[in-house]
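Visitor: Data file data-v4.pdb (PDB, C-alpha atoms) is appended below.
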MODEL        1
ATOM      1  CA  ALA A   1     -22.505 -36.745  45.034
ATOM      2  CA  GLU A   2     -25.844 -38.561  44.820
ATOM      3  CA  THR A   3     -27.220 -36.045  42.325
ATOM      4  CA  TRP A   4     -24.098 -36.276  40.174
ATOM      5  CA  ARG A   5     -24.283 -40.088  40.169
ATOM      6  CA  ALA A   6     -27.886 -39.829  38.955
ATOM      7  CA  MET A   7     -26.749 -37.574  36.103
ATOM      8  CA  GLU A   8     -23.924 -39.999  35.261
ATOM      9  CA  ASP A   9     -26.539 -42.745  35.110
ATOM     10  CA  LEU A  10     -28.607 -40.687  32.641
ATOM     11  CA  CYS A  11     -25.483 -40.269  30.508
ATOM     12  CA  SER A  12     -24.656 -43.966  30.544
ATOM     13  CA  LYS A  13     -28.228 -44.775  29.473
ATOM     14  CA  GLY A  14     -27.927 -42.379  26.532
ATOM     15  CA  LEU A  15     -30.649 -40.112  27.868
ATOM     16  CA  CYS A  16     -28.349 -37.104  27.689
ATOM     17  CA  ARG A  17     -25.123 -36.374  25.859
ATOM     18  CA  ALA A  18     -23.524 -33.941  28.274
ATOM     19  CA  ILE A  19     -23.786 -33.083  31.938
ATOM     20  CA  GLY A  20     -22.352 -30.128  33.738
ATOM     21  CA  VAL A  21     -22.124 -28.019  36.826
ATOM     22  CA  SER A  22     -22.586 -24.382  37.685
ATOM     23  CA  ASN A  23     -20.433 -22.114  39.837
ATOM     24  CA  PHE A  24     -17.939 -24.862  40.701
ATOM     25  CA  LEU A  25     -14.541 -23.592  41.785
ATOM     26  CA  ILE A  26     -11.315 -25.603  41.525
ATOM     27  CA  PRO A  27     -11.705 -27.363  44.919
ATOM     28  CA  HIS A  28     -15.293 -28.345  44.021
ATOM     29  CA  LEU A  29     -14.181 -29.712  40.656
ATOM     30  CA  GLU A  30     -11.221 -31.581  42.147
ATOM     31  CA  GLN A  31     -13.506 -33.322  44.610
ATOM     32  CA  LEU A  32     -16.081 -34.173  41.943
ATOM     33  CA  ILE A  33     -13.442 -35.502  39.544
ATOM     34  CA  GLN A  34     -12.018 -37.665  42.335
ATOM     35  CA  ASP A  35     -15.444 -39.108  43.162
ATOM     36  CA  CYS A  36     -17.022 -39.463  39.721
ATOM     37  CA  THR A  37     -16.760 -41.584  36.612
ATOM     38  CA  VAL A  38     -17.913 -38.848  34.204
ATOM     39  CA  VAL A  39     -16.021 -35.572  34.359
ATOM     40  CA  PRO A  40     -18.374 -32.589  33.903
ATOM     41  CA  HIS A  41     -18.621 -31.520  30.297
ATOM     42  CA  VAL A  42     -19.259 -27.883  31.207
ATOM     43  CA  ASN A  43     -18.894 -25.530  34.152
ATOM     44  CA  GLN A  44     -21.099 -22.443  33.968
ATOM     45  CA  VAL A  45     -19.591 -19.519  35.884
ATOM     46  CA  GLU A  46     -19.892 -15.750  36.093
ATOM     47  CA  TYR A  47     -17.469 -14.347  33.526
ATOM     48  CA  HIS A  48     -16.786 -10.756  32.496
ATOM     49  CA  PRO A  49     -13.753  -8.446  32.650
ATOM     50  CA  TYR A  50     -14.326  -7.694  36.342
ATOM     51  CA  GLN A  51     -14.708 -11.416  37.169
ATOM     52  CA  ASN A  52     -12.113 -13.238  35.116
ATOM     53  CA  PRO A  53     -11.194 -16.459  36.982
ATOM     54  CA  LYS A  54      -8.126 -17.316  34.894
ATOM     55  CA  ASP A  55      -6.954 -20.183  37.096
ATOM     56  CA  LEU A  56     -10.393 -21.785  37.001
ATOM     57  CA  VAL A  57     -10.567 -21.465  33.209
ATOM     58  CA  LYS A  58      -7.093 -23.030  32.872
ATOM     59  CA  PHE A  59      -8.069 -25.865  35.232
ATOM     60  CA  CYS A  60     -11.242 -26.563  33.267
ATOM     61  CA  GLN A  61      -9.423 -26.479  29.936
ATOM     62  CA  ALA A  62      -6.767 -28.875  31.291
ATOM     63  CA  HIS A  63      -9.549 -31.315  32.249
ATOM     64  CA  ASN A  64     -11.543 -30.890  29.001
ATOM     65  CA  ILE A  65     -14.348 -29.077  30.812
ATOM     66  CA  ALA A  66     -15.919 -26.354  28.684
ATOM     67  CA  VAL A  67     -16.373 -23.042  30.466
ATOM     68  CA  GLU A  68     -19.626 -21.228  29.816
ATOM     69  CA  GLY A  69     -19.751 -17.653  31.036
ATOM     70  CA  TYR A  70     -22.894 -16.012  32.279
ATOM     71  CA  CYS A  71     -23.333 -12.307  32.969
ATOM     72  CA  PRO A  72     -20.877 -11.380  30.158
ATOM     73  CA  LEU A  73     -21.864  -7.701  30.264
ATOM     74  CA  ALA A  74     -21.483  -7.500  34.052
ATOM     75  CA  MET A  75     -25.206  -6.702  34.297
ATOM     76  CA  GLY A  76     -24.612  -3.684  32.074
ATOM     77  CA  THR A  77     -21.895  -2.206  34.298
ATOM     78  CA  ALA A  78     -19.111  -2.927  31.821
ATOM     79  CA  LEU A  79     -20.956  -1.218  28.960
ATOM     80  CA  ASN A  80     -19.876   2.170  30.293
ATOM     81  CA  GLU A  81     -16.302   1.201  31.194
ATOM     82  CA  PRO A  82     -14.136   3.815  29.401
ATOM     83  CA  THR A  83     -11.665   1.190  28.157
ATOM     84  CA  ILE A  84     -14.478  -0.865  26.614
ATOM     85  CA  VAL A  85     -16.213   2.183  25.124
ATOM     86  CA  ALA A  86     -12.909   3.267  23.534
ATOM     87  CA  MET A  87     -12.409  -0.209  22.056
ATOM     88  CA  ALA A  88     -15.959  -0.203  20.708
ATOM     89  CA  THR A  89     -15.157   3.021  18.874
ATOM     90  CA  LYS A  90     -11.802   1.676  17.659
ATOM     91  CA  TYR A  91     -13.357  -1.511  16.237
ATOM     92  CA  GLN A  92     -16.618   0.173  15.153
ATOM     93  CA  ARG A  93     -18.588  -2.221  17.335
ATOM     94  CA  THR A  94     -20.821  -1.944  20.362
ATOM     95  CA  PRO A  95     -19.470  -2.398  23.890
ATOM     96  CA  SER A  96     -21.533  -5.611  24.088
ATOM     97  CA  GLN A  97     -19.808  -6.993  21.016
ATOM     98  CA  ILE A  98     -16.393  -6.153  22.465
ATOM     99  CA  LEU A  99     -17.247  -8.013  25.693
ATOM    100  CA  ILE A 100     -18.632 -11.065  23.899
ATOM    101  CA  ARG A 101     -15.629 -11.198  21.555
ATOM    102  CA  TRP A 102     -13.264 -10.919  24.546
ATOM    103  CA  SER A 103     -14.952 -13.902  26.200
ATOM    104  CA  LEU A 104     -14.774 -15.994  23.059
ATOM    105  CA  GLN A 105     -11.109 -15.166  22.461
ATOM    106  CA  ASN A 106     -10.418 -16.290  26.028
ATOM    107  CA  GLY A 107     -11.953 -19.674  25.173
ATOM    108  CA  VAL A 108     -15.161 -19.123  27.126
ATOM    109  CA  ILE A 109     -18.565 -19.998  25.681
ATOM    110  CA  THR A 110     -20.718 -16.939  26.127
ATOM    111  CA  ILE A 111     -24.477 -16.707  25.804
ATOM    112  CA  PRO A 112     -25.664 -13.176  26.508
ATOM    113  CA  LYS A 113     -29.230 -12.726  27.654
ATOM    114  CA  SER A 114     -31.568 -10.499  25.664
ATOM    115  CA  THR A 115     -35.231 -10.428  24.730
ATOM    116  CA  LYS A 116     -34.827  -7.795  21.993
ATOM    117  CA  GLU A 117     -34.426  -9.158  18.490
ATOM    118  CA  GLU A 118     -32.040  -6.401  17.384
ATOM    119  CA  ARG A 119     -29.764  -7.025  20.369
ATOM    120  CA  ILE A 120     -29.782 -10.776  19.777
ATOM    121  CA  LYS A 121     -28.698 -10.192  16.161
ATOM    122  CA  GLU A 122     -26.078  -7.661  17.247
ATOM    123  CA  ASN A 123     -24.693 -10.073  19.841
ATOM    124  CA  CYS A 124     -24.176 -12.695  17.132
ATOM    125  CA  GLN A 125     -22.085 -10.366  14.969
ATOM    126  CA  VAL A 126     -18.820 -11.086  16.759
ATOM    127  CA  PHE A 127     -17.179 -13.640  14.490
ATOM    128  CA  ASP A 128     -15.868 -11.310  11.800
ATOM    129  CA  PHE A 129     -13.286  -9.454  13.876
ATOM    130  CA  GLN A 130     -10.544 -10.145  16.435
ATOM    131  CA  LEU A 131      -9.360  -8.068  19.346
ATOM    132  CA  SER A 132      -5.624  -7.407  19.277
ATOM    133  CA  GLU A 133      -3.362  -9.071  21.800
ATOM    134  CA  ASN A 134      -2.790  -5.700  23.485
ATOM    135  CA  ASP A 135      -6.524  -5.070  23.758
ATOM    136  CA  MET A 136      -7.079  -8.560  25.167
ATOM    137  CA  GLU A 137      -4.397  -7.900  27.807
ATOM    138  CA  CYS A 138      -6.010  -4.563  28.623
ATOM    139  CA  LEU A 139      -9.432  -6.175  29.142
ATOM    140  CA  ASN A 140      -7.904  -9.045  31.109
ATOM    141  CA  GLY A 141      -6.328  -6.402  33.344
ATOM    142  CA  LEU A 142      -9.761  -5.140  34.434
ATOM    143  CA  HIS A 143     -10.209  -8.177  36.689
ATOM    144  CA  ALA A 144     -11.113  -7.004  40.195
ATOM    145  CA  ASP A 145     -12.696 -10.206  41.589
ATOM    146  CA  VAL A 146     -16.078  -8.473  41.540
ATOM    147  CA  HIS A 147     -19.202 -10.632  41.359
ATOM    148  CA  MET A 148     -22.393  -9.202  39.884
ATOM    149  CA  SER A 149     -24.294 -12.348  40.762
ATOM    150  CA  TRP A 150     -23.206 -14.358  43.800
ATOM    151  CA  ASN A 151     -19.884 -15.623  45.061
ATOM    152  CA  PRO A 152     -19.587 -19.424  45.383
ATOM    153  CA  MET A 153     -16.372 -19.075  47.423
ATOM    154  CA  GLY A 154     -18.016 -19.945  50.759
ATOM    155  CA  ILE A 155     -19.560 -23.204  49.504
ATOM    156  CA  LEU A 156     -17.617 -26.297  50.481
TER     157      LEU A 156
ENDMDL
END
Can you give me the file's structure in the form of structure tokens?
Guide:
Amino acid sequence: AETWRAMEDLCSKGLCRAIGVSNFLIPHLEQLIQDCTVVPHVNQVEYHPYQNPKDLVKFCQAHNIAVEGYCPLAMGTALNEPTIVAMATKYQRTPSQILIRWSLQNGVITIPKSTKEERIKENCQVFDFQLSENDMECLNGLHADVHMSWNPMGIL
């Protein structure tokens, strides 16, 4: 709480425009919202088809908290998922582009990590197509509550 109050103070002084949290689950956010004067502007969480916390995303959206997804390619694991590979062929895109587009269509800000210029450019070419509703449902159905990073569930 002390750290958050310090960030709120920075906001009130105009030293920053937005403050956020990382890996906060609904109980963490509820407690913070109850105790704070500035609701987090963003919550950065692990987000990919195998880790699709729908309830958390809905909670954040209901409280005007942007959701930023990290690990959108599931550390490369999802790139070989047959469903995603088939969609990449169908849309004439790469599996990475399918995953990034899926995140965006679910209302999640997604910033994939890459150091290769060609991949960075490729990852940005996701705004000129849409995944169908059926394909979105199919990708949403891959959720298995699998974390590629770490699970914040045990943090109170």
Visitor: Residues around (-19.6, -35.1, 42.3), cut-off 12 Å, counting only C-alpha atoms - what are they as a list in words?
Guide: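 Applying the cut-off with only C-alpha atoms, one gets Ala1, Glu2, Thr3, Trp4, Arg5, Ala6, Met7, Glu8, Ile19, Gly20, Val21, Phe24, Pro27, His28, Leu29, Glu30, Gln31, Leu32, Ile33, Gln34, Asp35, Cys36, Thr37, Val38, Val39 and Pro40 of chain A.
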Visitor: Quote the spacing between atom CA of Val57 of chain A and atom CA of Ala88 of chain A in Å to one decimal place.
Guide: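 Answer for the atom CA of Val57 of chain A to atom CA of Ala88 of chain A separation: 25.2 Å.
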Visitor: Suppose a student applies the PyMOL selection byres ((chain A and resi 68-85) around 8) to this structure; what residues should they get, written as number ranges by chain?
Guide: A: 42-50, 66-67, 86-89, 94-96, 98-100, 103, 108-113, 139, 148-149
Visitor: Please, what is the axis-aligned box for every listed atom of segment 45-55 of chain A with 8 Å on each side, as centre and edge lengths in Å to one decimal, as JSON?
Guide:
{"center_x": -13.4, "center_y": -13.9, "center_z": 34.8, "size_x": 28.9, "size_y": 28.5, "size_z": 20.7}
Visitor: List the neighbours of Cys124 of chain A out to 10 Å using only C-alpha atoms; skip same-chain residues closer than 2 positions along the sequence, and give me the result as a PyMOL selection string.
Guide: chain A and resi 97+100-101+111-112+119-122+126-128
Visitor: Need the shell around Asn64 of chain A: protein/DNA/RNA residues with any atom at most 8 Å away, counting only C-alpha atoms. Skip same-chain ones fewer than 3 positions apart. Format as JSON, numbers by chain?
Guide: {"A": [41, 60, 61]}
Visitor: Please dump the current selection as a PDB file, keeping the file's coordinate frame; keep C-alpha atoms.
Guide:
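The resulting file, selection-v8.pdb, is shown below:
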ATOM      1  CA  HIS A  41     -18.621 -31.520  30.297  1.00  0.00           C
ATOM      2  CA  CYS A  60     -11.242 -26.563  33.267  1.00  0.00           C
ATOM      3  CA  GLN A  61      -9.423 -26.479  29.936  1.00  0.00           C
TER       4      GLN A  61
END
Visitor: Would you compute the distance between atom CA of His147 of chain A and atom CA of Asp135 of chain A? Give it in Å to one decimal.
Guide: 22.4 Å
Visitor: To one decimal in Å, tell me the separation between atom CA of Asn134 of chain A and atom CA of Asn52 of chain A.
Guide: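 Rounded to one decimal, the two atoms are 16.7 Å apart.
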Visitor: With only C-alpha atoms as the atoms that count, which of A:Gln130, A:Asn23, A:Asn106, A:Thr115 lies nearest to Lys54 of chain A?
Guide: A:Asn106
Visitor: May I ask which of the residues A:Gln92, A:Asn123, A:Gln105, A:Ser114 is the closest one to Asn140 of chain A, counting only C-alpha atoms?
Guide: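 Looking only at the distances to Asn140 of chain A, the closest residue turns out to be A:Gln105.
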Visitor: Could you check the closest approach to Asp145 of chain A for each of A:Gln51, A:Asp9, A:Glu133, A:Leu56 and tell me which residue wins, using all atoms listed in the file?
Guide: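 Among A:Gln51, A:Asp9, A:Glu133, A:Leu56, it is A:Gln51 that comes nearest to Asp145 of chain A.
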